[in-house]
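Down below is the structure, laid out as structure tokens.
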Amino acid sequence: MIQTAQKWIRRHPKTTGTLGAAVLALVVASTIGVNAASAEAQSRNASARSDSSRSHVADGHREHGAKLLKSQKHTSKKPTATPKATPPVASVPVPAPVTSAAPPAAATDVAAVAPVTSTGTGSSSHPLHTGIVATTFWVGEIFDANAEDGSQMLSTFDANWFENFGGCDGVATSGTCSTETRTAANGFFPSSMTPKQNPFYLDLPYDDVNDSTAFQNRGTDVPWANDAAYAGQAGDASVSLMKNRWVKMMKDGQTCYGQIADAGPGEYHDAAYVFGGNDARPANARYGGAGMDISPALTGCLNFADINGASEKLDWQFVEAADVPAGPWLTVSSSDNKVIN
């Protein structure tokens, strides 16, 4: 059901109003178990929920890389008016449990997972970016059901992100996937589910798959494009040179690591910032000038004051996988760079 709905939206990118909201509501309903009435209410109240429960900057939330058409980018601000009500929808069947991807070895007690060993020291020769605004996003978040990339049910690299991740990266209540406080006691993992993918994830504004400019230039923009692991892949749209690359983040003496899982916020081929030296600044001027989005595990690890933050700053730089030190970010990690359509 999820895959069918996502493919339908991608093939009908203009339906970002009433019908688009209904489709996104159906996706959520079929995935985390709300009934048809709840799905309809969710589509009507998407903006109202964001106004009452989110604490983002006044000009609207950041945009992510969950784009639904390769050549089209959503650039409008988050609507403030309540979307038109959707017509009643038929009862949505709950899909069978996903069996295509096996869960990690851990059960629900993440703290009991044996620590992953690593000889990495965290050293990096990549350019350092300081004082970058980082906002929070999470798998399963829908911050605008009418926006083309207003949903974290899918990412720019994975059309089935929600399903492949293992569900809501937070707490699912009445059909809404909300974030939650993360603590070191369980490795900053979600309290209600065991993720199948690394919960220490982030995005940067370089979509080397669906943005035509980034895809065309990635062979020269991306510093590791000619490394042996990526040899001959620059022109292959079935793989990404960015997916699952490691990033080192620092804030107030705390250092944490995460992997790229999406693209954004707001910009999608900002090579000058993402790969540039001399402490390059993001091109994005919206959302407080945010230069990246980070997951709840990373906001917890970095001691963000707001679990749904929109203005806190950090320093970051790329780091090679071999240099990533032991930590909870290695409990569930991957080097896969295949694009899932």
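Numbering starts fresh at 1 for the residues of each chain in the structure tokens, the chains themselves are lettered A, B, ... in the order given, and ligands are numbered from 1 as they appear.
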
Subject >> DSSP strand (DSSP E) selection over segment 149-179 of chain A, as an NGL selection string >> reply: :A and (171-173 or 176-178)

May I have the residues from that selection written out with N, CA, C and O atoms, as an mmCIF file, in the first residue's frame?
data_model
loop_
_atom_site.group_PDB
_atom_site.id
_atom_site.type_symbol
_atom_site.label_atom_id
_atom_site.label_comp_id
_atom_site.auth_asym_id
_atom_site.auth_seq_id
_atom_site.Cartn_x
_atom_site.Cartn_y
_atom_site.Cartn_z
ATOM 1 N N VAL A 171 7.373 8.097 18.360
ATOM 2 C CA VAL A 171 6.191 7.529 18.996
ATOM 3 C C VAL A 171 4.992 7.760 18.091
ATOM 4 O O VAL A 171 4.699 8.894 17.709
ATOM 5 N N ALA A 172 4.296 6.684 17.729
ATOM 6 C CA ALA A 172 3.103 6.778 16.900
ATOM 7 C C ALA A 172 1.877 6.812 17.797
ATOM 8 O O ALA A 172 1.610 5.866 18.535
ATOM 9 N N THR A 173 1.141 7.927 17.739
ATOM 10 C CA THR A 173 -0.051 8.107 18.560
ATOM 11 C C THR A 173 -1.187 8.630 17.699
ATOM 12 O O THR A 173 -1.043 9.681 17.069
ATOM 13 N N THR A 176 -0.292 9.745 14.255
ATOM 14 C CA THR A 176 0.733 10.773 14.095
ATOM 15 C C THR A 176 2.069 10.265 14.617
ATOM 16 O O THR A 176 2.148 9.752 15.730
ATOM 17 N N CYS A 177 3.105 10.400 13.820
ATOM 18 C CA CYS A 177 4.452 9.996 14.228
ATOM 19 C C CYS A 177 5.165 11.206 14.803
ATOM 20 O O CYS A 177 5.486 12.148 14.081
ATOM 21 N N SER A 178 5.403 11.195 16.088
ATOM 22 C CA SER A 178 6.015 12.334 16.785
ATOM 23 C C SER A 178 7.410 11.980 17.274
ATOM 24 O O SER A 178 7.719 10.822 17.535
#

Original post:
Near Ala234 of chain A, within 6 Å and counting only C-alpha atoms, which residues show up once chain neighbours fewer than 2 positions away are dropped, as number ranges by chain?
Top reply: A: 219, 232, 236

Subject >> Test item: residues at most 12 Å from Asp306 of chain A, only C-alpha atoms, excluding those fewer than 3 positions along its chain, as an MDAnalysis selection string >> reply: chainID A and resid 54:56 134:136 179:182 296 298:300 302:303 309:313

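Coordinates place atom CA of Tyr206 of chain A at a distance of 16.9 Å from atom CA of Tyr287 of chain A.
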
**OP:** Pick out the residues sitting within 9 Å of Ala283 of chain A, and hand them over as a ChimeraX atom specification; count only C-alpha atoms, and ignore anything fewer than 5 positions along from it in its own chain.
**Re:** /A:267,270,272-273,289,291

**OP:** Give me the residues within 10 Å of Asp207 of chain A as a list in words, counting only C-alpha atoms and dropping any in the same chain fewer than 4 places off.
**Re:** Gly65, Lys67, Thr156, Phe157, Asp203, Asp211, Ser212, Thr213, Ala214, Phe215, Arg218, Ser240, Leu241, Met242, Lys243, Asp262, Ala263, Gly264, Glu267, Tyr268, His269, Asp270 and Ala271 of chain A

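Around Thr119 of chain A, within 9 Å and counting only C-alpha atoms, the residues found are Ala322, Asp323, Val324, Pro325 and Ala326 of chain A, once anything fewer than 4 positions away on its own chain is removed.
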
**OP:** Point out the residue among A:Asn160, A:Ser295, A:Thr117, A:Asn337 with the least atom-to-atom distance to Asn244 of chain A, counting only C-alpha atoms.
**Re:** A:Asn337
